[in-house]
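The structure appears right after this line, and notes come after that.
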Amino acid sequence: MISTPNEGGVERSLLSWLDGIGWETHGQDGGRGARVLDERYERRTNEVIYWDLLAEQVVALNDDVTKANVEKFISSLKRDLDHENLLDGNQAFHQLLTKGKTFSVKRADGVSKTIYVDLIDYENPENNRFHAANQFSVSRETTIRPDVNLFVNGIPLVTMELKSRAQDNHWKDAVRDLLDYQEDVPRLFVPGLFNIAADTMELRYGAVGAPKGFYQPWNDAPALYEDDNGMKQATQALCNPETVLDLVKNFVFYERRTGGDAKIVPRYMQYYAVNAILDRVREGEHNRGLIWHTQGSGKSFTMLYAAQNLLSRDVVTNPQVFIIVDTDKLNSQMRDQLANLSLEQWTVAERISHLEQLIEEGQSQLVLTTIQKFADVDPDVQGNDEVIVMSDEAHRFMEADLGSRLDAALPTCSHFGFTGTPVREGERENERNTFREFSPEGEEYLHRYSVKQGIDDGLILPVYFTLRHEMEWDIDEAGLDEEFEHEFRTMTTDEKREFIREQVTAKTLAELSPRVDRTVEEIERHYTKHVAPNGWKGMVVTPSRRSTAMYGQRLIERFGEKNVEVLYTATKDDPELIRQFHTDSEERDDIVQDFKKEDSPKLLVVHNMLLTGFDAPVLKTMYLDRNLKNHNLMQAIARTNRPADGKENGEIIDFQGVFENIDEALDYDAETKAYAAQDEKELFEDLVSQVETVMDIFDDIPKNDSQEAANDAIERISTHPERREFKQGFRRLQDLYESVAPDKRLINQGIQDQYKWLGKIQIAFQRTTAGDDAPEEDMAQKTRDILDENVDIEEIRRDFPMYKLGEEYLDEVEGLDNPGVKASQVAHATREHLHPRTGQNPRYKRLSERVNDIVERWQSGGMADPEAVEALKSVEGEVLEVEREAGERGMSDAEFAIYTHLTDKETDIIENDELAEEIAEGISEEFEERVDRSYPGWQTNQSTVREIEKLLLDTLVKKHKKPALMNDDEFVDATRSYLIENYA
């Protein structure tokens, strides 16, 4: 007998999997399993909890609750389901599930006492009852019947809605049903933990109250639940009784948000990483570990979940937990997040002295601080032996002495590093290596969540790059030679060669006016054609402040001041070219916030800014003119890969050739390469020896801050041989010091203080020998001027293919003959055509929604490439038909949009098409006559909004006697949008 694949088959499979992991299941035979439980526990369909079952369990789990008083308790508990707001009710009931419910009982002597009644036994899971049943029908004002529900002691914690792709349904359809259920019968979801939406191929889960975009996959599992069938693996790994109870008890946050509170449950990589940290701390064998999770995966919440679990569970006796960030901005963001979360026992170290006090007191709590506050914390002040430190952006933790300060202040802590871009400059001891810093010997990382996993899960997008690095240079060699000889005729031949070698660098070439001019032309062409029409934004990344200013000037000339912002810092000593774009911290914050919105600016031009910790989903394209490698390049890529509605990928236009040799640019290979080994002990001994060698140059000079000491030190190294000894010795010392740091021995043995003193002398020496007029800068400017006059850029090569930055290190090439390319190109072109028009006419919006639906079905495999092409072409034809109809009727775009709205949506008010046309024409004429559009920003000015309301009142009510239209907010809002969008 042949059975057609359907939703019921998915349901039975899922119940069978649940049966295999400890749930008592009902409905595997295809019947309504919930009916069995309904009859057994006499549930009425308006109830959402099996109260009789819960009563049995409450008596079994609590000594003071008896058959005699349990009904009183249950009656009280029923009132806890009554809430006007689902999230408020869910949060309150979660407290009951995890902390217990207060209840007054009488002792044997007749005196009343208040107890906490447990609804679930978390310590002994076997004492609970676990039921999985299908077709659980609930009737209140309306009736809903989800496909499967999971009950613990009769309480519904998980609600599942299932679909069959064989019936042309998808898990996204299941999400829509779940959201409707929550709206129709919120009472069912008041006790709920999360919901599951699944189809024949995929499973997604989301916290109660979560919108569609927050339903995530569960794509990992411990060995016990691993299975080639991804759906089965996800069901068993997420829904086994142990994990469900663990999530309820230890992994739920509630966050206050502007648009409404949110319940937060962990993503799978967060859950498994936290448990890995807990196991390591509990076992005590190692005191460090690296959490390597790609950007966009939610490392902040992973740290917060870990902190919450360390503080609330018996992992160690009296833990003090530190979360350490490396910028004030990240500190503020994390502080604000903590303030909005339901997390207890936390504080922020406000000052260095406050941090030192917190370390000394050692109170069991979470402490948030920046690494910079450890600068003056005394060594060995740790007052708690059970300190756990979590460092965010751990690849930057090693870049300064502050790491050494932390190690000295907290010498016995357990230290976990979190990063999306670990540094592996090499395997030698004198090269920075995040793995060596945070991972025990023989272990590369404690937990990993890769770029590929992030793309597969939809948390981040693939990034494409296009090479634009090859340019045709037209160089007047004779002119160059002649002018160099003239300008630098006083220098010897060797001095000229040395100077040219130092000055004519990649940065110098990047600052040449002809090259900047040509690159800006390419940016304008690409941005105008490919980025702006879709509503996305761009970022130009430059190699120097001078080039940033040059780009800024030229891009502002082309796009206007409001559309371009230039970000860097300058000083009063900088030339006017650079000073003109100086921004302070507050100004940059405002610019960044504006950039994240839909309006201006459209382009950011940056140097040494926003390449880390900057999340703007609206950023689609990076124009890269800076030679980045390894973790710096990965950080830059991550700026463009944040998902947004309608955004299918990020993009990098590469003017430096960074991606020409991908393997060199992104070398994260774990294989050990041949190197001359030098262990840590030898390296530190070399550093000590080198400090002594350089300090010996100043043997008889006091090492204090007096003018006399500094003057004597600078005079000492102003002539040979001391001058050469100091320059060479300090350069080697710098290399050794940066290789050893962070290391608490630098603090404890006083090496840091000696290094700082030598560093100040080196700065003063450089400034003294440079002189006030900075002759090197003057000569560098002359070099730039000569090159500008004798170099021209003819053309930028464009015939490179586009590459997809997909897998781990972005090495997958997207072939142009891919069978899906044609569909992709048609989708892109149609969206490009529609995007700027969606606010101009209601038909455009509906067509845009159809495009998105077609693309969604095509990308999920529900539509073949040729079919998608034809469907998209059909939509494009209808777009053109809308434009033709407006022309045939002789209407302006605004008139036609209003007319379309009236004839499509207001037929109960508008008697005929002629009246609709008359009203549309009248509104447009009044708008043209009465609204001043002669100044920038008229579209958003309040006077424009007020005048539109007045002219609508005059036209609709006074002239045409149609007050119903004026009272229709949807029509008024839409008409205002049509007028502004079309006339703008």
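Residues are named by chain letter and number: chains run A, B, ... in the order of the structure tokens, numbers start at 1 in each chain, and ligands are numbered from 1 in the order shown.
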Report task. Would you return as an NGL selection string the members of range 98-279 of chain A that DSSP assigns to alpha helix (DSSP H) on this structure's backbone? Result -> :A and (98-99 or 171-184 or 230-239 or 241-250 or 268-279)
Expected file contents, prior selection, N, CA and C atoms, as a short mmCIF file (atom, residue, chain, number, x, y, z; two decimals), in the first residue's frame:
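File again_32.cif, as written:
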```cif
data_model
loop_
_atom_site.label_atom_id
_atom_site.label_comp_id
_atom_site.auth_asym_id
_atom_site.auth_seq_id
_atom_site.Cartn_x
_atom_site.Cartn_y
_atom_site.Cartn_z
N THR A 98 10.86 27.96 38.24
CA THR A 98 12.27 27.84 38.64
C THR A 98 12.50 28.08 40.14
N LYS A 99 11.69 28.95 40.75
CA LYS A 99 11.90 29.27 42.17
C LYS A 99 10.87 28.61 43.09
N TRP A 171 8.41 25.27 7.05
CA TRP A 171 8.45 25.61 8.47
C TRP A 171 8.07 27.06 8.73
N LYS A 172 8.28 27.94 7.75
CA LYS A 172 7.88 29.34 7.95
C LYS A 172 6.37 29.47 8.04
N ASP A 173 5.65 28.60 7.33
CA ASP A 173 4.19 28.57 7.48
C ASP A 173 3.82 28.13 8.89
N ALA A 174 4.60 27.21 9.44
CA ALA A 174 4.35 26.75 10.81
C ALA A 174 4.57 27.88 11.81
N VAL A 175 5.58 28.71 11.58
CA VAL A 175 5.83 29.85 12.46
C VAL A 175 4.63 30.79 12.44
N ARG A 176 4.11 31.05 11.24
CA ARG A 176 2.94 31.93 11.15
C ARG A 176 1.77 31.38 11.96
N ASP A 177 1.57 30.06 11.90
CA ASP A 177 0.49 29.45 12.69
C ASP A 177 0.73 29.62 14.19
N LEU A 178 1.99 29.41 14.60
CA LEU A 178 2.31 29.54 16.02
C LEU A 178 2.08 30.97 16.52
N LEU A 179 2.45 31.94 15.71
CA LEU A 179 2.23 33.34 16.09
C LEU A 179 0.73 33.62 16.20
N ASP A 180 -0.06 33.04 15.31
CA ASP A 180 -1.51 33.20 15.39
C ASP A 180 -2.05 32.54 16.66
N TYR A 181 -1.54 31.34 16.99
CA TYR A 181 -1.98 30.65 18.21
C TYR A 181 -1.72 31.52 19.44
N GLN A 182 -0.52 32.13 19.50
CA GLN A 182 -0.17 32.96 20.65
C GLN A 182 -1.11 34.16 20.77
N GLU A 183 -1.54 34.66 19.61
CA GLU A 183 -2.46 35.79 19.60
C GLU A 183 -3.87 35.35 20.01
N ASP A 184 -4.29 34.18 19.53
CA ASP A 184 -5.66 33.72 19.75
C ASP A 184 -5.86 33.13 21.15
N GLY A 230 19.02 15.06 10.01
CA GLY A 230 19.15 16.32 10.74
C GLY A 230 17.94 16.66 11.59
N MET A 231 16.74 16.36 11.08
CA MET A 231 15.53 16.61 11.85
C MET A 231 15.48 15.78 13.12
N LYS A 232 15.83 14.53 12.99
CA LYS A 232 15.82 13.64 14.15
C LYS A 232 16.86 14.09 15.17
N GLN A 233 18.06 14.44 14.68
CA GLN A 233 19.11 14.89 15.58
C GLN A 233 18.69 16.14 16.34
N ALA A 234 18.11 17.10 15.63
CA ALA A 234 17.68 18.35 16.27
C ALA A 234 16.61 18.09 17.31
N THR A 235 15.64 17.23 16.98
CA THR A 235 14.55 16.92 17.91
C THR A 235 15.10 16.29 19.19
N GLN A 236 16.00 15.34 19.03
CA GLN A 236 16.51 14.62 20.20
C GLN A 236 17.49 15.46 21.01
N ALA A 237 18.33 16.27 20.33
CA ALA A 237 19.31 17.07 21.05
C ALA A 237 18.65 18.22 21.81
N LEU A 238 17.62 18.82 21.22
CA LEU A 238 16.95 19.97 21.84
C LEU A 238 15.87 19.55 22.82
N CYS A 239 15.14 18.48 22.50
CA CYS A 239 13.93 18.14 23.25
C CYS A 239 14.09 16.97 24.20
N PRO A 241 14.52 15.24 27.69
CA PRO A 241 14.07 15.81 28.97
C PRO A 241 15.15 16.55 29.74
N GLU A 242 16.38 16.04 29.72
CA GLU A 242 17.46 16.67 30.47
C GLU A 242 17.73 18.08 29.96
N THR A 243 17.79 18.23 28.62
CA THR A 243 18.06 19.55 28.04
C THR A 243 16.90 20.50 28.26
N VAL A 244 15.67 20.02 28.11
CA VAL A 244 14.51 20.89 28.33
C VAL A 244 14.53 21.44 29.75
N LEU A 245 14.77 20.59 30.74
CA LEU A 245 14.82 21.06 32.12
C LEU A 245 15.99 22.01 32.36
N ASP A 246 17.14 21.71 31.74
CA ASP A 246 18.31 22.57 31.87
C ASP A 246 18.01 23.96 31.31
N LEU A 247 17.36 24.01 30.15
CA LEU A 247 17.02 25.28 29.53
C LEU A 247 16.05 26.07 30.40
N VAL A 248 15.02 25.40 30.91
CA VAL A 248 14.05 26.09 31.77
C VAL A 248 14.73 26.69 32.99
N LYS A 249 15.54 25.90 33.64
CA LYS A 249 16.13 26.30 34.92
C LYS A 249 17.25 27.31 34.78
N ASN A 250 18.08 27.15 33.73
CA ASN A 250 19.36 27.88 33.71
C ASN A 250 19.63 28.76 32.50
N TYR A 268 22.17 27.14 19.88
CA TYR A 268 22.83 25.88 20.27
C TYR A 268 24.31 26.07 20.56
N MET A 269 24.99 26.94 19.79
CA MET A 269 26.42 27.10 20.05
C MET A 269 26.65 27.79 21.40
N GLN A 270 25.74 28.67 21.80
CA GLN A 270 25.84 29.31 23.11
C GLN A 270 25.65 28.27 24.22
N TYR A 271 24.64 27.42 24.04
CA TYR A 271 24.33 26.41 25.06
C TYR A 271 25.51 25.46 25.27
N TYR A 272 26.06 24.93 24.18
CA TYR A 272 27.13 23.95 24.31
C TYR A 272 28.44 24.60 24.77
N ALA A 273 28.68 25.85 24.36
CA ALA A 273 29.89 26.53 24.82
C ALA A 273 29.82 26.80 26.32
N VAL A 274 28.67 27.23 26.80
CA VAL A 274 28.52 27.49 28.24
C VAL A 274 28.73 26.20 29.03
N ASN A 275 28.14 25.11 28.57
CA ASN A 275 28.32 23.85 29.30
C ASN A 275 29.76 23.37 29.26
N ALA A 276 30.48 23.67 28.18
CA ALA A 276 31.90 23.33 28.11
C ALA A 276 32.69 24.13 29.15
N ILE A 277 32.35 25.40 29.31
CA ILE A 277 33.01 26.24 30.33
C ILE A 277 32.70 25.71 31.72
N LEU A 278 31.42 25.40 31.97
CA LEU A 278 31.05 24.88 33.29
C LEU A 278 31.78 23.59 33.61
N ASP A 279 31.87 22.70 32.63
CA ASP A 279 32.58 21.43 32.85
C ASP A 279 34.05 21.67 33.17
#
```
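Here CA of Asn641 in chain A is placed at a distance of 5.4 Å from CA of Ile460 in chain A.
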Requested in this report: Would you mind listing what lies within 12 Å of Ser139 in chain A as a VMD selection string, with only C-alpha atoms counted and same-chain residues fewer than 2 positions away left out?
Outcome: chain A and resid 43 to 48 136 to 137 141 to 146 181 184 to 188
What does the file look like for those residues with N, CA, C and O atoms, as a PDB file, in the first residue's frame?
```pdb
ATOM      1  N   ARG A  43      -9.393  16.531  31.791  1.00  0.00           N
ATOM      2  CA  ARG A  43      -9.159  17.928  31.388  1.00  0.00           C
ATOM      3  C   ARG A  43     -10.314  18.439  30.546  1.00  0.00           C
ATOM      4  O   ARG A  43     -10.747  17.782  29.597  1.00  0.00           O
ATOM      5  N   ARG A  44     -10.785  19.638  30.874  1.00  0.00           N
ATOM      6  CA  ARG A  44     -11.745  20.322  30.014  1.00  0.00           C
ATOM      7  C   ARG A  44     -10.964  21.078  28.943  1.00  0.00           C
ATOM      8  O   ARG A  44      -9.836  21.538  29.181  1.00  0.00           O
ATOM      9  N   THR A  45     -11.545  21.244  27.761  1.00  0.00           N
ATOM     10  CA  THR A  45     -10.794  21.818  26.632  1.00  0.00           C
ATOM     11  C   THR A  45     -10.458  23.292  26.824  1.00  0.00           C
ATOM     12  O   THR A  45      -9.654  23.832  26.074  1.00  0.00           O
ATOM     13  N   ASN A  46     -11.060  23.950  27.818  1.00  0.00           N
ATOM     14  CA  ASN A  46     -10.680  25.352  28.053  1.00  0.00           C
ATOM     15  C   ASN A  46      -9.477  25.462  28.987  1.00  0.00           C
ATOM     16  O   ASN A  46      -8.993  26.566  29.260  1.00  0.00           O
ATOM     17  N   GLU A  47      -8.972  24.330  29.491  1.00  0.00           N
ATOM     18  CA  GLU A  47      -7.799  24.331  30.365  1.00  0.00           C
ATOM     19  C   GLU A  47      -6.543  24.027  29.553  1.00  0.00           C
ATOM     20  O   GLU A  47      -6.595  23.267  28.578  1.00  0.00           O
ATOM     21  N   VAL A  48      -5.404  24.582  29.981  1.00  0.00           N
ATOM     22  CA  VAL A  48      -4.151  24.382  29.239  1.00  0.00           C
ATOM     23  C   VAL A  48      -3.162  23.517  30.011  1.00  0.00           C
ATOM     24  O   VAL A  48      -2.107  23.155  29.484  1.00  0.00           O
ATOM     25  N   PHE A 136      -3.416  18.554  20.743  1.00  0.00           N
ATOM     26  CA  PHE A 136      -3.874  19.089  22.029  1.00  0.00           C
ATOM     27  C   PHE A 136      -4.782  20.282  21.743  1.00  0.00           C
ATOM     28  O   PHE A 136      -4.314  21.377  21.420  1.00  0.00           O
ATOM     29  N   SER A 137      -6.063  20.090  21.848  1.00  0.00           N
ATOM     30  CA  SER A 137      -7.040  21.117  21.472  1.00  0.00           C
ATOM     31  C   SER A 137      -7.377  22.003  22.670  1.00  0.00           C
ATOM     32  O   SER A 137      -7.675  21.499  23.761  1.00  0.00           O
ATOM     33  N   GLU A 141     -11.748  31.705  23.572  1.00  0.00           N
ATOM     34  CA  GLU A 141     -12.593  32.491  22.672  1.00  0.00           C
ATOM     35  C   GLU A 141     -12.600  31.884  21.276  1.00  0.00           C
ATOM     36  O   GLU A 141     -13.521  32.069  20.494  1.00  0.00           O
ATOM     37  N   THR A 142     -11.530  31.203  20.957  1.00  0.00           N
ATOM     38  CA  THR A 142     -11.446  30.456  19.707  1.00  0.00           C
ATOM     39  C   THR A 142     -10.775  29.126  20.009  1.00  0.00           C
ATOM     40  O   THR A 142     -10.328  28.896  21.135  1.00  0.00           O
ATOM     41  N   THR A 143     -10.698  28.246  19.049  1.00  0.00           N
ATOM     42  CA  THR A 143     -10.097  26.923  19.265  1.00  0.00           C
ATOM     43  C   THR A 143      -8.824  26.779  18.450  1.00  0.00           C
ATOM     44  O   THR A 143      -8.800  27.119  17.257  1.00  0.00           O
ATOM     45  N   ILE A 144      -7.777  26.308  19.105  1.00  0.00           N
ATOM     46  CA  ILE A 144      -6.529  25.996  18.403  1.00  0.00           C
ATOM     47  C   ILE A 144      -6.173  24.543  18.703  1.00  0.00           C
ATOM     48  O   ILE A 144      -6.568  23.988  19.740  1.00  0.00           O
ATOM     49  N   ARG A 145      -5.413  23.936  17.806  1.00  0.00           N
ATOM     50  CA  ARG A 145      -5.004  22.542  18.009  1.00  0.00           C
ATOM     51  C   ARG A 145      -3.618  22.352  17.428  1.00  0.00           C
ATOM     52  O   ARG A 145      -3.466  21.909  16.277  1.00  0.00           O
ATOM     53  N   PRO A 146      -2.573  22.705  18.175  1.00  0.00           N
ATOM     54  CA  PRO A 146      -1.195  22.483  17.697  1.00  0.00           C
ATOM     55  C   PRO A 146      -0.952  21.005  17.427  1.00  0.00           C
ATOM     56  O   PRO A 146      -1.673  20.135  17.939  1.00  0.00           O
ATOM     57  N   TYR A 181      -1.539  31.336  16.986  1.00  0.00           N
ATOM     58  CA  TYR A 181      -1.983  30.649  18.206  1.00  0.00           C
ATOM     59  C   TYR A 181      -1.717  31.516  19.444  1.00  0.00           C
ATOM     60  O   TYR A 181      -2.561  31.604  20.346  1.00  0.00           O
ATOM     61  N   ASP A 184      -4.287  34.179  19.530  1.00  0.00           N
ATOM     62  CA  ASP A 184      -5.659  33.717  19.752  1.00  0.00           C
ATOM     63  C   ASP A 184      -5.865  33.129  21.150  1.00  0.00           C
ATOM     64  O   ASP A 184      -6.880  33.390  21.797  1.00  0.00           O
ATOM     65  N   VAL A 185      -4.917  32.311  21.597  1.00  0.00           N
ATOM     66  CA  VAL A 185      -5.045  31.663  22.911  1.00  0.00           C
ATOM     67  C   VAL A 185      -3.723  31.817  23.670  1.00  0.00           C
ATOM     68  O   VAL A 185      -2.961  30.853  23.838  1.00  0.00           O
ATOM     69  N   PRO A 186      -3.423  33.031  24.136  1.00  0.00           N
ATOM     70  CA  PRO A 186      -2.133  33.243  24.818  1.00  0.00           C
ATOM     71  C   PRO A 186      -1.979  32.420  26.086  1.00  0.00           C
ATOM     72  O   PRO A 186      -0.856  32.130  26.501  1.00  0.00           O
ATOM     73  N   ARG A 187      -3.084  32.017  26.689  1.00  0.00           N
ATOM     74  CA  ARG A 187      -3.026  31.272  27.952  1.00  0.00           C
ATOM     75  C   ARG A 187      -2.206  29.990  27.826  1.00  0.00           C
ATOM     76  O   ARG A 187      -1.495  29.599  28.761  1.00  0.00           O
ATOM     77  N   LEU A 188      -2.272  29.327  26.662  1.00  0.00           N
ATOM     78  CA  LEU A 188      -1.506  28.096  26.466  1.00  0.00           C
ATOM     79  C   LEU A 188      -0.007  28.354  26.586  1.00  0.00           C
ATOM     80  O   LEU A 188       0.751  27.476  27.013  1.00  0.00           O
TER      81      LEU A 188
END
```
Query - Test item: residues at most 6 Å from range 529-543 of chain A, only C-alpha atoms, excluding those fewer than 5 positions along its chain, as a PyMOL selection string - result: chain A and resi 548+602-607+618-626+832+835
Near Asp457 in chain A, within 8 Å and counting only C-alpha atoms, which residues show up once chain neighbours fewer than 6 positions away are dropped, as a tab-separated table (two decimals) with N, CA and C atoms, in the first residue's frame?
```
chain	number	residue	atom	x	y	z
A	216	GLN	N	15.38	29.79	15.14
A	216	GLN	CA	16.72	29.35	14.78
A	216	GLN	C	16.80	27.83	14.65
A	217	PRO	N	17.80	27.33	13.92
A	217	PRO	CA	18.02	25.88	13.88
A	217	PRO	C	18.79	25.40	15.10
A	219	ASN	N	21.63	22.87	15.25
A	219	ASN	CA	22.42	22.05	14.32
A	219	ASN	C	23.64	21.40	14.95
```
Report task. Please indicate the distance in Å from CA of Asp517 in chain A to CA of Pro601 in chain A, rounded to one decimal place. Result ->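 Distance reported for this atom pair: 21.2 Å.
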Query raised in the report: By how many Å are CA of Glu11 in chain A and CA of Asn134 in chain A apart?
Result: 7.7 Å
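With distances restricted to only C-alpha atoms, A:Met966 is the closest residue to Glu906 in chain A from A:Pro222, A:Thr944, A:Met966, A:Arg79.
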Query raised in the report: What lies within 9 Å of range 927-939 of chain A using only C-alpha atoms, ignoring chain neighbours under 2 positions off, as a PyMOL selection string?
Result: chain A and resi 922-925+941-945+947-948+951+979-981+983-984
Store the residues of this selection in a file with N, CA, C and O atoms, as an mmCIF file, in the first residue's frame.
```cif
data_model
loop_
_atom_site.group_PDB
_atom_site.id
_atom_site.type_symbol
_atom_site.label_atom_id
_atom_site.label_comp_id
_atom_site.auth_asym_id
_atom_site.auth_seq_id
_atom_site.Cartn_x
_atom_site.Cartn_y
_atom_site.Cartn_z
ATOM 1 N N GLY A 922 -7.082 66.144 -8.009
ATOM 2 C CA GLY A 922 -7.238 67.299 -7.130
ATOM 3 C C GLY A 922 -6.196 67.334 -6.028
ATOM 4 O O GLY A 922 -5.629 68.388 -5.724
ATOM 5 N N ILE A 923 -5.929 66.175 -5.425
ATOM 6 C CA ILE A 923 -4.923 66.125 -4.352
ATOM 7 C C ILE A 923 -3.544 66.503 -4.895
ATOM 8 O O ILE A 923 -2.800 67.287 -4.283
ATOM 9 N N SER A 924 -3.200 65.974 -6.067
ATOM 10 C CA SER A 924 -1.888 66.262 -6.647
ATOM 11 C C SER A 924 -1.741 67.737 -6.998
ATOM 12 O O SER A 924 -0.687 68.354 -6.764
ATOM 13 N N GLU A 925 -2.780 68.318 -7.560
ATOM 14 C CA GLU A 925 -2.717 69.734 -7.910
ATOM 15 C C GLU A 925 -2.555 70.607 -6.672
ATOM 16 O O GLU A 925 -1.772 71.563 -6.659
ATOM 17 N N ASN A 941 10.109 67.637 6.827
ATOM 18 C CA ASN A 941 9.773 68.818 7.629
ATOM 19 C C ASN A 941 8.328 68.728 8.112
ATOM 20 O O ASN A 941 7.428 68.342 7.366
ATOM 21 N N GLN A 942 8.093 69.120 9.361
ATOM 22 C CA GLN A 942 6.745 69.044 9.922
ATOM 23 C C GLN A 942 5.757 69.942 9.204
ATOM 24 O O GLN A 942 4.559 69.666 9.139
ATOM 25 N N SER A 943 6.246 71.054 8.636
ATOM 26 C CA SER A 943 5.348 71.943 7.903
ATOM 27 C C SER A 943 4.775 71.236 6.672
ATOM 28 O O SER A 943 3.621 71.463 6.285
ATOM 29 N N THR A 944 5.582 70.351 6.049
ATOM 30 C CA THR A 944 5.099 69.574 4.907
ATOM 31 C C THR A 944 3.973 68.645 5.334
ATOM 32 O O THR A 944 2.926 68.551 4.671
ATOM 33 N N VAL A 945 4.196 67.946 6.450
ATOM 34 C CA VAL A 945 3.180 67.013 6.949
ATOM 35 C C VAL A 945 1.885 67.749 7.262
ATOM 36 O O VAL A 945 0.786 67.307 6.897
ATOM 37 N N GLU A 947 0.797 70.637 6.053
ATOM 38 C CA GLU A 947 0.153 71.169 4.859
ATOM 39 C C GLU A 947 -0.555 70.062 4.076
ATOM 40 O O GLU A 947 -1.632 70.272 3.499
ATOM 41 N N ILE A 948 0.040 68.868 4.058
ATOM 42 C CA ILE A 948 -0.614 67.739 3.376
ATOM 43 C C ILE A 948 -1.939 67.404 4.060
ATOM 44 O O ILE A 948 -2.950 67.164 3.400
ATOM 45 N N LEU A 951 -4.515 70.058 3.012
ATOM 46 C CA LEU A 951 -5.017 69.965 1.639
ATOM 47 C C LEU A 951 -5.891 68.716 1.460
ATOM 48 O O LEU A 951 -6.822 68.719 0.657
ATOM 49 N N LEU A 979 2.753 60.993 -2.208
ATOM 50 C CA LEU A 979 3.099 62.358 -2.618
ATOM 51 C C LEU A 979 4.589 62.628 -2.395
ATOM 52 O O LEU A 979 5.287 63.108 -3.287
ATOM 53 N N ILE A 980 5.059 62.306 -1.200
ATOM 54 C CA ILE A 980 6.465 62.597 -0.873
ATOM 55 C C ILE A 980 7.412 61.753 -1.712
ATOM 56 O O ILE A 980 8.389 62.252 -2.277
ATOM 57 N N GLU A 981 7.124 60.444 -1.807
ATOM 58 C CA GLU A 981 8.011 59.547 -2.553
ATOM 59 C C GLU A 981 8.094 59.932 -4.030
ATOM 60 O O GLU A 981 9.172 59.922 -4.634
ATOM 61 N N TYR A 983 7.275 62.915 -5.521
ATOM 62 C CA TYR A 983 7.764 64.257 -5.812
ATOM 63 C C TYR A 983 9.202 64.457 -5.349
ATOM 64 O O TYR A 983 9.869 65.384 -5.767
ATOM 65 N N ALA A 984 9.677 63.572 -4.460
ATOM 66 C CA ALA A 984 11.066 63.693 -4.013
ATOM 67 C C ALA A 984 12.019 63.302 -5.133
ATOM 68 O O ALA A 984 13.170 63.707 -5.133
#
```
Requested in this report: Find the spatial neighbours of Asn967 in chain A, counting only C-alpha atoms, within a cut-off of 12 Å - ignore same-chain residues fewer than 2 positions away - and output them as a list in words.
Outcome: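 After dropping sequence-adjacent residues, the list is Ile909, Glu949, Leu952, Leu953, Leu956, Val957, Lys962, Pro963, Ala964, Leu965, Asp969, Glu970, Phe971, Val972 and Asp973 of chain A.
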